Every structure is written in C-alpha cells, then in structure tokens.
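Enquirer: input14.cif is reproduced in full below (mmCIF, C-alpha atoms).
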```cif
data_entry
#
loop_
_atom_site.label_atom_id
_atom_site.label_comp_id
_atom_site.auth_asym_id
_atom_site.auth_seq_id
_atom_site.Cartn_x
_atom_site.Cartn_y
_atom_site.Cartn_z
CA MET A 1 0.00 0.00 0.00
CA ASN A 2 1.64 3.21 -1.10
CA ARG A 3 0.66 6.86 -0.90
CA ARG A 4 -0.57 6.83 -4.49
CA ASP A 5 -3.05 4.06 -3.67
CA ILE A 6 -4.37 5.98 -0.69
CA GLU A 7 -4.85 9.10 -2.83
CA LEU A 8 -6.68 7.01 -5.42
CA LEU A 9 -8.95 5.51 -2.78
CA SER A 10 -9.70 8.93 -1.27
CA ALA A 11 -10.52 10.44 -4.66
CA TYR A 12 -12.57 7.34 -5.54
CA LEU A 13 -14.70 7.84 -2.43
CA ASP A 14 -15.43 11.40 -3.54
CA GLY A 15 -16.18 10.33 -7.11
CA GLN A 16 -13.21 12.35 -8.37
CA LEU A 17 -11.57 9.62 -10.45
CA LYS A 18 -11.80 9.28 -14.18
CA PRO A 19 -14.05 6.38 -15.26
CA SER A 20 -11.03 4.42 -16.50
CA ASP A 21 -9.15 4.89 -13.21
CA SER A 22 -12.27 3.98 -11.25
CA ALA A 23 -12.72 0.75 -13.22
CA ARG A 24 -9.10 -0.21 -12.65
CA LEU A 25 -9.34 0.49 -8.91
CA GLU A 26 -12.61 -1.43 -8.59
CA SER A 27 -11.02 -4.48 -10.14
CA ARG A 28 -8.12 -4.21 -7.66
CA LEU A 29 -10.56 -3.83 -4.75
CA LYS A 30 -12.15 -7.14 -5.65
CA SER A 31 -8.89 -8.98 -5.18
CA ASP A 32 -7.14 -6.94 -2.49
CA PRO A 33 -8.69 -7.06 1.00
CA GLU A 34 -6.09 -4.67 2.41
CA LEU A 35 -7.15 -2.06 -0.13
CA VAL A 36 -10.76 -2.56 0.91
CA ALA A 37 -9.87 -2.16 4.57
CA VAL A 38 -8.06 1.10 3.95
CA MET A 39 -10.95 2.36 1.89
CA ASP A 40 -13.34 1.51 4.70
CA ASP A 41 -11.16 3.40 7.14
CA LEU A 42 -11.02 6.44 4.88
CA ARG A 43 -14.76 6.30 4.40
CA ALA A 44 -15.36 6.01 8.14
CA ALA A 45 -13.10 8.99 8.85
CA ARG A 46 -14.83 11.01 6.17
CA ASN A 47 -18.29 10.11 7.46
CA LEU A 48 -17.34 11.04 10.99
CA LEU A 49 -16.24 14.46 9.84
CA ARG A 50 -19.43 14.89 7.87
CA ARG A 51 -21.42 14.02 10.99
CA LEU A 52 -19.73 16.72 12.95
CA PRO A 53 -22.54 19.05 14.00
CA GLN A 54 -22.60 22.44 12.35
CA ARG A 55 -22.62 25.02 15.07
CA ARG A 56 -24.75 28.08 14.71
CA ALA A 57 -22.87 31.35 14.67
CA PRO A 58 -22.93 32.74 18.22
CA ARG A 59 -24.09 36.10 16.88
CA ASN A 60 -24.79 37.87 13.65
CA PHE A 61 -21.65 39.03 11.93
CA THR A 62 -23.41 41.70 9.89
CA LEU A 63 -21.36 44.82 9.41
CA THR A 64 -22.12 48.39 10.33
CA ARG A 65 -20.93 51.35 8.32
CA LYS A 66 -18.66 52.33 11.18
CA MET A 67 -16.98 48.90 11.12
CA VAL A 68 -16.03 49.29 7.49
CA GLY A 69 -15.24 53.01 7.77
CA GLN A 70 -17.95 53.95 5.32
CA ASN A 71 -19.12 57.58 5.22
CA PRO A 72 -22.32 58.98 3.71
CA PRO A 73 -22.08 60.47 0.24
CA LEU A 74 -21.53 64.21 0.56
CA PRO A 75 -22.74 66.88 -1.91
CA ARG A 76 -20.49 67.53 -4.87
CA ALA A 77 -19.90 71.10 -3.70
CA TYR A 78 -18.41 69.83 -0.46
CA PRO A 79 -14.80 69.44 -1.62
CA PHE A 80 -14.83 72.91 -3.20
CA LEU A 81 -16.26 74.38 -0.02
CA ARG A 82 -13.65 72.61 2.06
CA PHE A 83 -10.89 73.96 -0.14
CA ALA A 84 -12.23 77.52 0.01
CA THR A 85 -12.68 77.39 3.78
CA THR A 86 -9.20 76.02 4.33
CA LEU A 87 -7.67 78.60 2.04
CA ALA A 88 -9.55 81.46 3.72
CA THR A 89 -8.46 80.25 7.16
CA LEU A 90 -4.84 79.95 6.11
CA LEU A 91 -4.89 83.40 4.52
CA LEU A 92 -6.49 84.85 7.61
CA PHE A 93 -3.74 83.53 9.84
CA PHE A 94 -1.18 84.70 7.30
CA THR A 95 -2.53 88.24 7.42
CA PHE A 96 -2.47 88.20 11.22
CA GLY A 97 1.13 87.15 11.11
CA LEU A 98 1.98 89.68 8.44
CA ASN A 99 0.38 92.56 10.31
CA PHE A 100 2.04 91.53 13.52
CA LEU A 101 5.49 91.25 11.99
CA ALA A 102 5.28 94.29 9.70
CA PRO A 103 6.34 96.96 12.24
CA GLN A 104 9.14 94.76 13.57
CA LEU A 105 10.50 93.99 10.14
CA ALA A 106 10.24 97.60 9.10
CA ALA A 107 12.42 98.59 12.06
CA VAL A 108 15.24 96.53 10.63
CA PRO A 109 17.32 98.74 8.28
CA GLY A 110 16.98 97.77 4.67
CA VAL A 111 13.91 95.63 5.25
CA GLY A 112 10.50 96.83 4.24
CA PHE A 113 7.32 95.85 2.59
CA GLY A 114 6.64 96.69 -0.96
CA GLY A 115 10.18 97.76 -1.65
CA GLY A 116 12.20 94.99 -0.15
CA GLY A 117 14.19 97.61 1.71
CA ASP A 118 14.13 100.04 -1.18
CA PRO A 119 17.02 102.41 -0.68
CA SER A 120 15.05 105.21 -2.33
CA ILE A 121 13.09 105.57 0.87
CA ASP A 122 16.21 106.23 2.83
CA LEU A 123 17.44 108.45 0.08
CA TYR A 124 14.19 110.29 0.26
CA SER A 125 14.44 110.86 3.96
CA GLU A 126 18.01 112.02 3.68
CA SER A 127 17.34 114.22 0.73
CA GLN A 128 14.19 115.50 2.34
CA ALA A 129 16.10 116.33 5.46
CA ALA A 130 18.70 118.08 3.37
CA GLU A 131 16.28 119.79 1.05
CA ALA A 132 13.82 120.86 3.63
CA PRO A 133 15.67 123.96 4.70
CA ALA A 134 16.40 124.87 1.10
CA ALA A 135 12.87 124.36 0.05
CA ALA A 136 11.67 126.43 2.89
CA GLU A 137 13.69 129.42 1.82
CA PRO A 138 11.28 131.12 -0.62
CA PRO A 139 8.50 131.68 1.92
CA ALA A 140 10.89 133.33 4.23
CA THR A 141 8.44 134.10 6.95
CA GLN A 142 7.13 130.58 7.31
CA ALA A 143 10.36 128.77 6.63
CA PRO A 144 11.59 128.24 10.20
CA ALA A 145 8.25 126.94 11.34
CA ALA A 146 7.93 124.62 8.37
CA THR A 147 11.44 123.26 8.23
CA GLU A 148 11.73 122.36 11.86
CA PRO A 149 8.91 119.80 12.02
CA ALA A 150 9.79 118.57 8.57
CA ALA A 151 13.32 117.86 9.62
CA GLN A 152 12.13 116.09 12.71
CA LEU A 153 9.61 114.03 10.85
CA ALA A 154 11.78 113.23 7.91
CA PRO A 155 13.30 109.99 9.24
CA MET A 156 9.95 108.61 10.32
CA PRO A 157 8.74 107.25 6.95
CA THR A 158 11.68 104.91 6.90
CA MET A 159 10.32 103.31 10.05
CA MET A 160 6.96 102.54 8.42
CA PRO A 161 7.69 102.16 4.78
CA THR A 162 4.37 101.31 3.25
CA LEU A 163 2.94 102.01 -0.12
CA GLU A 164 0.77 104.63 1.45
CA SER A 165 3.69 106.32 3.10
CA GLU A 166 5.56 106.24 -0.16
CA ARG A 167 2.65 107.82 -1.96
CA ASN A 168 2.51 110.52 0.65
CA ALA A 169 6.24 110.83 0.75
CA VAL A 170 6.95 111.48 -2.94
CA PRO A 171 5.36 114.87 -3.44
CA PRO A 172 6.38 116.62 -0.19
CA THR A 173 9.00 118.80 -1.83
CA GLU A 174 6.37 120.14 -4.19
CA LYS A 175 3.87 120.48 -1.41
CA ILE A 176 6.36 122.24 0.74
CA ASP A 177 7.21 124.42 -2.19
CA ALA A 178 3.60 125.34 -2.57
CA THR A 179 2.36 125.41 0.98
CA GLY A 180 4.64 124.49 3.80
CA ASN A 181 1.82 123.89 6.27
CA ALA A 182 0.15 121.33 4.03
CA ALA A 183 3.39 119.38 3.88
CA VAL A 184 3.65 119.27 7.62
CA GLN A 185 0.09 118.08 7.85
CA ASP A 186 0.71 115.24 5.39
CA GLN A 187 3.85 114.15 7.18
CA SER A 188 2.17 114.04 10.55
CA GLN A 189 -0.65 111.98 9.05
CA VAL A 190 1.87 109.42 7.94
CA VAL A 191 3.29 109.24 11.42
CA ASN A 192 0.00 108.98 13.26
CA GLU A 193 -1.45 106.20 11.05
CA ALA A 194 -0.56 102.61 12.04
CA PRO A 195 0.08 101.29 8.55
CA VAL A 196 -0.52 97.52 8.09
CA PRO A 197 0.08 95.40 4.98
CA VAL A 198 -3.44 93.93 5.04
CA SER A 199 -6.41 96.02 6.03
CA ILE A 200 -8.89 94.92 8.68
CA GLY A 201 -11.56 94.80 5.99
CA TRP A 202 -9.79 91.97 4.24
CA GLN A 203 -9.35 90.11 7.49
CA ILE A 204 -13.04 90.39 8.30
CA THR A 205 -13.90 89.13 4.84
CA LEU A 206 -11.58 86.14 5.17
CA ALA A 207 -12.89 85.35 8.66
CA ALA A 208 -16.45 85.52 7.38
CA ILE A 209 -15.65 83.16 4.49
CA ALA A 210 -13.94 80.70 6.86
CA MET A 211 -16.77 80.73 9.41
CA PHE A 212 -19.53 80.59 6.84
CA GLY A 213 -17.78 77.77 5.00
CA ALA A 214 -17.25 75.76 8.18
CA LEU A 215 -20.88 76.21 9.19
CA LEU A 216 -22.11 75.21 5.77
CA MET A 217 -19.89 72.11 5.77
CA LEU A 218 -21.21 71.11 9.18
CA LEU A 219 -24.80 71.46 8.00
CA MET A 220 -24.04 69.47 4.84
CA ARG A 221 -22.53 66.63 6.86
CA GLN A 222 -25.40 66.54 9.33
CA SER A 223 -27.92 66.53 6.55
CA ALA A 224 -26.05 63.74 4.72
CA PHE A 225 -25.86 61.59 7.88
CA GLN A 226 -29.57 62.13 8.59
CA ARG A 227 -30.55 61.08 5.08
CA TRP A 228 -28.26 58.06 5.43
CA ARG A 229 -29.78 56.95 8.72
CA GLN A 230 -33.28 57.30 7.31
CA LYS A 231 -32.31 54.98 4.47
CA GLU A 232 -31.02 52.29 6.88
CA MET B 1 -31.49 34.86 -2.63
CA ASN B 2 -30.02 36.16 -5.85
CA GLU B 3 -26.38 35.81 -4.94
CA GLN B 4 -24.96 37.37 -8.08
CA ALA B 5 -27.11 40.49 -7.75
CA LEU B 6 -26.15 40.84 -4.10
CA ILE B 7 -22.47 40.48 -4.94
CA GLN B 8 -22.72 43.12 -7.66
CA ASP B 9 -24.51 45.51 -5.31
CA ALA B 10 -21.93 44.85 -2.60
CA GLN B 11 -19.18 45.60 -5.09
CA LYS B 12 -20.77 49.01 -5.58
CA GLY B 13 -20.48 49.60 -1.85
CA ASN B 14 -23.97 48.49 -0.84
CA LEU B 15 -23.48 47.26 2.71
CA ASP B 16 -27.03 45.96 3.03
CA ALA B 17 -26.45 43.62 0.11
CA PHE B 18 -23.24 42.36 1.67
CA ASN B 19 -24.98 41.86 5.01
CA ALA B 20 -27.53 39.65 3.25
CA LEU B 21 -24.61 37.54 2.01
CA ILE B 22 -23.17 37.45 5.52
CA LEU B 23 -26.42 36.12 6.95
CA HIS B 24 -26.38 33.37 4.37
CA TYR B 25 -22.77 32.30 4.91
CA GLN B 26 -22.03 33.19 8.51
CA ASP B 27 -22.60 29.69 9.90
CA SER B 28 -20.25 28.12 7.37
CA VAL B 29 -17.62 30.78 7.93
CA TYR B 30 -17.88 30.49 11.70
CA ASN B 31 -17.69 26.69 11.63
CA THR B 32 -14.66 26.76 9.37
CA ALA B 33 -12.91 29.17 11.72
CA LEU B 34 -13.98 27.11 14.72
CA ARG B 35 -12.55 23.89 13.29
CA ILE B 36 -9.30 25.55 12.24
CA LEU B 37 -8.74 27.44 15.49
CA GLY B 38 -10.52 25.09 17.92
CA ASP B 39 -11.70 27.97 20.07
CA GLU B 40 -15.14 29.58 19.97
CA ASP B 41 -14.14 33.11 20.88
CA GLN B 42 -11.21 33.18 18.53
CA ALA B 43 -13.38 31.70 15.80
CA ALA B 44 -16.00 34.43 16.26
CA ASP B 45 -13.32 37.12 16.10
CA ALA B 46 -11.76 35.57 13.03
CA ALA B 47 -15.14 35.30 11.31
CA GLN B 48 -15.89 38.95 12.01
CA GLU B 49 -12.45 39.98 10.74
CA ALA B 50 -12.96 37.85 7.67
CA PHE B 51 -16.26 39.53 6.80
CA ILE B 52 -14.80 43.01 7.27
CA SER B 53 -11.85 42.09 5.12
CA ALA B 54 -14.13 40.48 2.54
CA PHE B 55 -16.26 43.61 2.22
CA LYS B 56 -13.23 45.81 1.79
CA SER B 57 -11.79 43.59 -0.92
CA ILE B 58 -14.96 42.43 -2.61
CA SER B 59 -14.07 44.42 -5.70
CA SER B 60 -11.30 41.86 -6.25
CA PHE B 61 -13.86 39.06 -6.57
CA ARG B 62 -13.95 38.18 -10.26
CA GLY B 63 -16.64 35.55 -10.31
CA GLY B 64 -16.61 31.83 -9.66
CA SER B 65 -17.59 30.34 -6.34
CA PHE B 66 -18.30 33.08 -3.84
CA LYS B 67 -18.20 30.55 -1.02
CA ALA B 68 -14.69 29.49 -2.03
CA TRP B 69 -13.60 33.14 -2.13
CA LEU B 70 -15.13 33.73 1.28
CA MET B 71 -13.47 30.63 2.69
CA ARG B 72 -10.10 31.87 1.51
CA THR B 73 -10.72 35.08 3.41
CA VAL B 74 -11.64 33.25 6.59
CA THR B 75 -8.71 30.86 6.37
CA ASN B 76 -6.40 33.87 5.96
CA ALA B 77 -7.98 35.43 9.06
CA CYS B 78 -7.42 32.17 10.93
CA TYR B 79 -3.80 31.96 9.79
CA ASP B 80 -3.29 35.51 11.04
CA GLU B 81 -4.76 34.52 14.38
CA LEU B 82 -2.52 31.46 14.59
CA ARG B 83 0.51 33.61 13.77
CA ARG B 84 -0.50 35.97 16.57
CA GLN B 85 -0.74 33.00 18.92
CA LYS B 86 2.72 31.90 17.89
CA ARG B 87 4.09 35.31 18.79
CA ARG B 88 2.33 35.09 22.15
CA PRO B 89 2.67 31.40 22.97
CA THR B 90 0.45 29.77 25.58
CA THR B 91 0.94 26.53 27.47
CA PRO B 92 0.21 23.61 25.12
CA LEU B 93 -2.33 20.99 26.09
CA GLU B 94 -0.12 18.21 24.85
CA PRO B 95 2.36 16.74 27.31
CA ASP B 96 6.05 16.85 26.62
CA THR B 97 8.16 13.75 26.07
CA ASP B 98 11.09 12.92 28.28
CA ASP B 99 13.28 14.86 25.86
CA GLY B 100 11.17 17.93 26.46
CA GLU B 101 9.69 17.81 22.97
CA GLU B 102 6.01 18.07 22.34
CA MET B 103 4.30 14.81 21.41
CA ASP B 104 3.19 14.90 17.82
CA SER B 105 0.79 12.02 18.26
CA PRO B 106 -2.61 12.63 19.82
CA ARG B 107 -2.67 9.15 21.27
CA TRP B 108 -1.75 10.45 24.69
CA LEU B 109 -5.43 11.04 25.26
CA ALA B 110 -6.05 7.39 24.48
CA ASP B 111 -3.41 6.34 26.91
CA PRO B 112 -4.20 2.79 28.13
CA ASN B 113 -3.48 3.99 31.63
CA MET B 114 -6.49 6.30 31.43
CA THR B 115 -9.72 4.80 32.71
CA PRO B 116 -12.79 4.79 30.50
CA ASP B 117 -14.41 7.22 32.90
CA GLN B 118 -11.53 9.62 32.55
CA LYS B 119 -11.79 9.33 28.82
CA ALA B 120 -15.49 9.92 28.92
CA GLU B 121 -14.97 12.96 31.09
CA ALA B 122 -12.25 14.36 28.90
CA ASP B 123 -13.81 13.76 25.57
CA GLU B 124 -17.00 13.68 23.72
CA LEU B 125 -16.94 12.63 20.13
CA GLU B 126 -16.83 16.16 18.88
CA HIS B 127 -13.97 17.05 21.13
CA ALA B 128 -12.12 13.97 20.00
CA ILE B 129 -12.52 14.92 16.38
CA GLN B 130 -11.52 18.49 17.11
CA HIS B 131 -8.52 17.23 18.98
CA CYS B 132 -7.48 15.11 16.02
CA LEU B 133 -8.04 18.03 13.69
CA ASN B 134 -5.87 20.23 15.86
CA ASN B 135 -3.03 17.77 15.50
CA LEU B 136 -3.05 17.89 11.73
CA PRO B 137 -0.63 20.16 9.91
CA LEU B 138 -2.40 23.39 9.07
CA GLU B 139 -2.51 22.84 5.31
CA PHE B 140 -4.02 19.36 5.78
CA LYS B 141 -6.49 20.61 8.33
CA THR B 142 -7.74 23.42 6.08
CA VAL B 143 -8.31 21.05 3.18
CA VAL B 144 -10.11 18.37 5.20
CA ILE B 145 -12.32 20.95 6.92
CA MET B 146 -13.37 22.46 3.61
CA ALA B 147 -13.91 19.16 1.82
CA ASP B 148 -15.37 16.93 4.52
CA ILE B 149 -16.93 19.34 7.01
CA GLN B 150 -18.04 22.14 4.70
CA GLY B 151 -18.80 19.76 1.83
CA MET B 152 -16.96 21.81 -0.77
CA ASP B 153 -15.86 20.10 -3.96
CA TYR B 154 -12.21 19.75 -4.92
CA THR B 155 -12.27 22.69 -7.32
CA GLU B 156 -13.71 25.01 -4.69
CA VAL B 157 -11.13 23.87 -2.17
CA ALA B 158 -8.34 24.39 -4.71
CA THR B 159 -9.63 27.90 -5.39
CA SER B 160 -9.79 28.69 -1.70
CA VAL B 161 -6.38 27.36 -0.82
CA ARG B 162 -4.80 28.41 -4.12
CA VAL B 163 -3.01 25.16 -4.77
CA PRO B 164 -3.34 22.72 -7.70
CA LEU B 165 -6.10 20.12 -7.71
CA GLY B 166 -3.58 17.28 -7.41
CA THR B 167 -2.21 18.78 -4.21
CA ILE B 168 -5.72 18.98 -2.79
CA LYS B 169 -6.30 15.28 -3.52
CA SER B 170 -3.01 14.35 -1.91
CA ARG B 171 -3.52 16.50 1.18
CA LEU B 172 -7.06 15.27 1.65
CA ALA B 173 -6.07 11.61 1.45
CA ARG B 174 -3.22 12.06 3.91
CA ALA B 175 -5.37 14.12 6.25
CA ARG B 176 -8.04 11.41 6.29
CA LEU B 177 -5.44 8.77 7.00
CA ARG B 178 -3.99 10.72 9.89
CA LEU B 179 -7.45 11.36 11.26
CA ARG B 180 -8.23 7.69 11.04
CA GLU B 181 -5.11 6.84 13.01
CA CYS B 182 -5.90 9.48 15.58
CA LEU B 183 -9.54 8.50 15.96
CA GLN B 184 -8.62 4.89 16.59
CA GLY B 185 -7.56 6.14 20.00
CA PHE B 186 -11.15 7.15 20.70
CA GLU B 187 -12.76 3.91 19.61
CA GLU B 188 -15.16 3.82 22.54
CA LEU B 189 -16.53 7.23 21.69
CA LEU B 190 -17.34 6.39 18.12
CA PRO B 191 -20.85 5.37 17.08
CA SER B 192 -21.01 1.65 16.38
CA THR B 193 -21.73 2.20 12.71
CA PHE B 194 -18.58 4.26 12.41
CA ARG B 195 -16.21 2.08 14.37
CA LEU B 196 -12.88 1.79 12.66
CA GLU B 197 -11.38 -1.58 12.16
CA GLU B 198 -8.23 -2.18 14.12
CA GLY B 199 -5.11 -3.22 12.29
CA SER B 200 -6.07 -1.87 8.92
CA SER B 201 -3.36 0.69 8.75
CA ALA B 202 -1.87 1.40 5.37
#
```
Would you mind writing the structure in this file as structure tokens?
Expert:
Amino acid sequence: MNRRDIELLSAYLDGQLKPSDSARLESRLKSDPELVAVMDDLRAARNLLRRLPQRRAPRNFTLTRKMVGQNPPLPRAYPFLRFATTLATLLLFFTFGLNFLAPQLAAVPGVGFGGGGDPSIDLYSESQAAEAPAAAEPPATQAPAATEPAAQLAPMPTMMPTLESERNAVPPTEKIDATGNAAVQDQSQVVNEAPVPVSIGWQITLAAIAMFGALLMLLMRQSAFQRWRQKE
Amino acid sequence: MNEQALIQDAQKGNLDAFNALILHYQDSVYNTALRILGDEDQAADAAQEAFISAFKSISSFRGGSFKAWLMRTVTNACYDELRRQKRRPTTPLEPDTDDGEEMDSPRWLADPNMTPDQKAEADELEHAIQHCLNNLPLEFKTVVIMADIQGMDYTEVATSVRVPLGTIKSRLARARLRLRECLQGFEELLPSTFRLEEGSSA
C-alpha cells in the first residue's frame, strides 16, 4: 500500500476519479482485502467528519458602516467648499502674522514691505532732510516753522515704509514748495497712522468666508448623515 | 437569494447587500474558523475579521464560487490569528516527552493507563474529532475541513487554498489517514456504525 493508492482511494470515495481509473481500482478492490480495509477506514473517517454538528454562529456578523469606515455620500460642492474654507483660514492667519510682523520687520534697516528695503526711501528721507531747509527758503516768513517739524519728521517714513507712506512721501517737496503747512500736515498723518500690509476689511472678509464655510460644511454633513440613517 | 445580484450591489459599496450575504454564509464561515482554530471566541473574532476584510476587498472578486472566495478570506484570518498566537505562545495541552519535545501524536489522550471514565470525562466525540483536527498540519487541516466538514468540492477547495487540484487530492487523502489513526484512539466514543477496524493501517 503506497501513498498513491491511498490518494486514489480517497478520490474514488469522492467520485473524483476518471471512469477508466475507477474501473481499474474497482477491479483491484475485488482482489485486495487490504485495499478494501483502507478504503473503509477512509470512508469512516470522512463520514465522521461529515457528521460533525454544524454550530450556529454565536451572533450575527453583519457589518455596520462604522466597522467598514464607510461615510455617507456628501454633496459635490463639499470638496470645493472645504478647499475655500481652508484657504480662507490659512490666509487669515497669514494676514495676522503679516500685520504683527510688519512693524518689527520695518524697524530693521533695509527691510521693508513693498520695496524689499528700497534704498530710495532712505534716500528720500536724507534728501528731504537736506532739502527741507532749502525748500523752505522762498516763503521766508514761514520757513523756520515749516522746516523744523519737517526735519524732525523726515526719518519717520523709513520706520513705516508702506505704499501709502511712499505715496505721501513722494510729493512733499512740491507740497512744501507750494504750501509748507500742508506738507507738515501730510507728514504728521503718515506718522500717526498705524500702517498695516493687510487692512482689517480683508481680514473680516476672510474670517467671514472661513466661518460661513465651516458652518455650511457642518450642515451638509449633518444633513447627509440624517438622510443616510433614514435609508437604513 | 439572488447571490450574483447581491455580490454586484456589494461591489458598488452596498453594505445591506453584503450583510444579506453574511447572513447566508455566517454559519459556514464560523464553523470553518472554529474547526481551524478550535476555540469559539477566537473563531468568532476571526469570522468577524474575515467579513470586514471580505467587504473591503470584494471588488477583487472576479466571479466563480463566492463561497470558495469567502473561505479563503476566513482561512487567511485564521492563519493571522494562529501567527499571533505563535508570537504570544500559551501553554500547550499536549504533554512533553522525556526529551522535552512536544508529542506529535494525539494518542496520549487514548493512553491505556487512562480509565474509560476519565476518557469519557475528557472527551466527547466532537472534542475527539476536534482534537485530532488540531493535530493535523495546518494545510491538511484546512483542506479536510473544507472538503469533509463544509462539503466543498475539490475545485472550490483548490480555489480557496490556491493550490493545484492534485495537491488537494493528496492532502485530503493524507489528512483522512492521519485522522483515522488518531480516531482509533477514541474507539469507545465512536458510534457503532462508524467504528474503525483495528489493524487496517496502510
């Protein structure tokens, strides 16, 4: 009795042999009692296994959506809304940071917004300081009053070099030429303003977009989950 | 139950359709896991894992016998569980030999020194069969469970185990032989119509 015979007998019991192989094995079974005994043993073992009671599952194995990490289908606008909200939030924080850092960066010589530390601003302040007395000469009576504050204020624009300050800073010589008092007024306005790179209006707009977007996303999700639960 | 329609719906992500399939197959899956692992709690966990895994990978099902595909999933879950057990070994039931090696024969339960009462206490027929199954090599055990306990045909078993048909025939024959040898130790527990003849070893 070899392994091949046992495999043949096992397959024969299951009806898995070709008709020709079955016929050959059946003829051997008629003359070989040992073969018959092994076949009986195999059959008995197989029948015992088949008699093994099938247990009922101790519980239902049905799956919940949570178990498989399934989420409800969200509206098609949801990804766009999420992108816009995220972008608005990031920009908002960026503007906060920018406005906070602007005065500190401007205090560093050669560093400024809009000009990357444009030397013309310094040149302006120097030239303004130098020109101020000269420019104040024609209106002789008002010159001392006009030049003194101008000279004092001249370095200030370099501390807050913004586009606005630049705009105000370019024409002073002309303004001083024309009316010295007007020039002083403009310069003091530049000093008194707290110039920021991003206006509060933009920040409010970004905050509104972020909050509105987040609220809308929350409502969309809640609505999607409710519809989903109703379907279940 | 229209199995094909349910499978197609499940492949589109319909969990209700897949749950209908689970209800149909859960007993078979649980029993397969139970016979491979030999422990009810572990079998329940493995069956649950298998169904979760099956749902997540149902898109890979390309037709054929769904039961065979499902059985492959559950056997993989059982193999994972057995690997975990190997990493965290527990005290074996089998006694050690004098050399300190584990006995590979289950006949220790049929020790002639044991009284019939002790045997009767220790084993019922089902436990005896389970014990013999547990002593089979894993690849033999899987095949014999699928073919003889789950009643799957050779092709289905080959699909599940992913081995050639000839290997299935060979493993099944050898598994039955080993079971026969093992069950001879539990002669008294066997129903009279299924008593195995002594001395008919191959």
Enquirer: Using all atoms listed in the file, I'd like a table of the residues in chain B that come within 8 Å of chain A; for each, show the closest atom pair and its distance in Å rounded to one decimal, ordered by chain and ascending number, as JSON lines.
Expert:
```
{"residue": "B:Leu15", "atom": "CA", "partner": "A:Arg65", "partner_atom": "CA", "distance": 7.4}
{"residue": "B:Asn19", "atom": "CA", "partner": "A:Thr62", "partner_atom": "CA", "distance": 5.1}
{"residue": "B:Ile22", "atom": "CA", "partner": "A:Thr62", "partner_atom": "CA", "distance": 6.1}
{"residue": "B:Leu23", "atom": "CA", "partner": "A:Thr62", "partner_atom": "CA", "distance": 7.0}
{"residue": "B:Gln26", "atom": "CA", "partner": "A:Ala57", "partner_atom": "CA", "distance": 6.5}
{"residue": "B:Asp27", "atom": "CA", "partner": "A:Ala57", "partner_atom": "CA", "distance": 5.1}
{"residue": "B:Ser28", "atom": "CA", "partner": "A:Gln54", "partner_atom": "CA", "distance": 7.9}
{"residue": "B:Tyr30", "atom": "CA", "partner": "A:Ala57", "partner_atom": "CA", "distance": 5.9}
{"residue": "B:Asn31", "atom": "CA", "partner": "A:Arg55", "partner_atom": "CA", "distance": 6.2}
{"residue": "B:Ala44", "atom": "CA", "partner": "A:Pro58", "partner_atom": "CA", "distance": 7.4}
{"residue": "B:Ala47", "atom": "CA", "partner": "A:Phe61", "partner_atom": "CA", "distance": 7.5}
{"residue": "B:Gln48", "atom": "CA", "partner": "A:Phe61", "partner_atom": "CA", "distance": 5.8}
{"residue": "B:Phe51", "atom": "CA", "partner": "A:Phe61", "partner_atom": "CA", "distance": 7.5}
{"residue": "B:Ile52", "atom": "CA", "partner": "A:Val68", "partner_atom": "CA", "distance": 6.4}
{"residue": "B:Phe55", "atom": "CA", "partner": "A:Val68", "partner_atom": "CA", "distance": 7.8}
{"residue": "B:Lys56", "atom": "CA", "partner": "A:Val68", "partner_atom": "CA", "distance": 7.2}
{"residue": "B:Glu126", "atom": "CA", "partner": "A:Leu52", "partner_atom": "CA", "distance": 6.6}
{"residue": "B:Ile129", "atom": "CA", "partner": "A:Leu49", "partner_atom": "CA", "distance": 7.5}
{"residue": "B:Asp148", "atom": "CA", "partner": "A:Arg50", "partner_atom": "CA", "distance": 5.6}
{"residue": "B:Ile149", "atom": "CA", "partner": "A:Arg50", "partner_atom": "CA", "distance": 5.2}
{"residue": "B:Gly151", "atom": "CA", "partner": "A:Arg50", "partner_atom": "CA", "distance": 7.8}
{"residue": "B:Lys169", "atom": "CA", "partner": "A:Glu7", "partner_atom": "CA", "distance": 6.4}
{"residue": "B:Ser170", "atom": "CA", "partner": "A:Glu7", "partner_atom": "CA", "distance": 5.6}
{"residue": "B:Leu172", "atom": "CA", "partner": "A:Ser10", "partner_atom": "CA", "distance": 7.5}
{"residue": "B:Ala173", "atom": "CA", "partner": "A:Glu7", "partner_atom": "CA", "distance": 5.1}
{"residue": "B:Arg174", "atom": "CA", "partner": "A:Glu7", "partner_atom": "CA", "distance": 7.5}
{"residue": "B:Arg176", "atom": "CA", "partner": "A:Leu42", "partner_atom": "CA", "distance": 6.0}
{"residue": "B:Leu177", "atom": "CA", "partner": "A:Leu42", "partner_atom": "CA", "distance": 6.4}
{"residue": "B:Leu179", "atom": "CA", "partner": "A:Ala45", "partner_atom": "CA", "distance": 6.6}
{"residue": "B:Arg180", "atom": "CA", "partner": "A:Ala45", "partner_atom": "CA", "distance": 5.5}
{"residue": "B:Leu183", "atom": "CA", "partner": "A:Ala45", "partner_atom": "CA", "distance": 8.0}
{"residue": "B:Phe194", "atom": "CA", "partner": "A:Ala44", "partner_atom": "CA", "distance": 5.6}
{"residue": "B:Arg195", "atom": "CA", "partner": "A:Ala44", "partner_atom": "CA", "distance": 7.4}
{"residue": "B:Leu196", "atom": "CA", "partner": "A:Asp41", "partner_atom": "CA", "distance": 6.0}
{"residue": "B:Glu197", "atom": "CA", "partner": "A:Asp41", "partner_atom": "CA", "distance": 7.1}
{"residue": "B:Ser200", "atom": "CA", "partner": "A:Ala37", "partner_atom": "CA", "distance": 5.8}
{"residue": "B:Ser201", "atom": "CA", "partner": "A:Val38", "partner_atom": "CA", "distance": 6.7}
{"residue": "B:Ala202", "atom": "CA", "partner": "A:Met1", "partner_atom": "CA", "distance": 5.9}
```
Enquirer: In Å, how far is it from atom CA of Asp153 of chain B to atom CA of Arg35 of chain B?
Expert: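 Computed distance, atom CA of Asp153 of chain B to atom CA of Arg35 of chain B, equals 18.0 Å.
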Enquirer: Rounded to one decimal in Å, what is the spacing between atom CA of Gly213 of chain A and atom CA of Tyr78 of chain A?
Expert: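 Pair atom CA of Gly213 of chain A / atom CA of Tyr78 of chain A returns 9.7 Å.
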Enquirer: In Å, how far is it from atom CA of Thr85 of chain A to atom CA of Leu216 of chain A?
Expert: 9.9 Å
Enquirer: Run through the PyMOL selection byres ((chain B and resi 36-41) around 12) on the given coordinates and return the selected residues as a PyMOL selection string.
Expert: (chain A and resi 55-59) or (chain B and resi 29-35+42-48+71+74-85+126-146+149)
Enquirer: So which one's closest to Trp69 of chain B, B:Leu125, B:Ala147, B:Ala17, B:Ala158? Using all atoms listed in the file, please.
Expert: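 Nearest to Trp69 of chain B: B:Ala158.
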Enquirer: Please enumerate the residues selected by the PyMOL selection byres ((chain B and resi 156) around 12) when evaluated against the supplied file, formatted as a PyMOL selection string.
Expert: chain B and resi 64-72+143+146-147+150-155+157-165+168
Enquirer: Can you pull out every residue within 12 Å of Gln222 of chain A, counting all atoms listed in the file, but drop anything in the same chain fewer than 6 positions away, and send it as JSON, numbers by chain?
Expert: {"A": [71, 72, 73, 74, 75, 215, 216, 228, 229]}
Enquirer: Running the PyMOL selection byres ((chain B and resi 59) around 12) on this model by hand, what would come out? Give it as a count of residues only.
Expert: 20
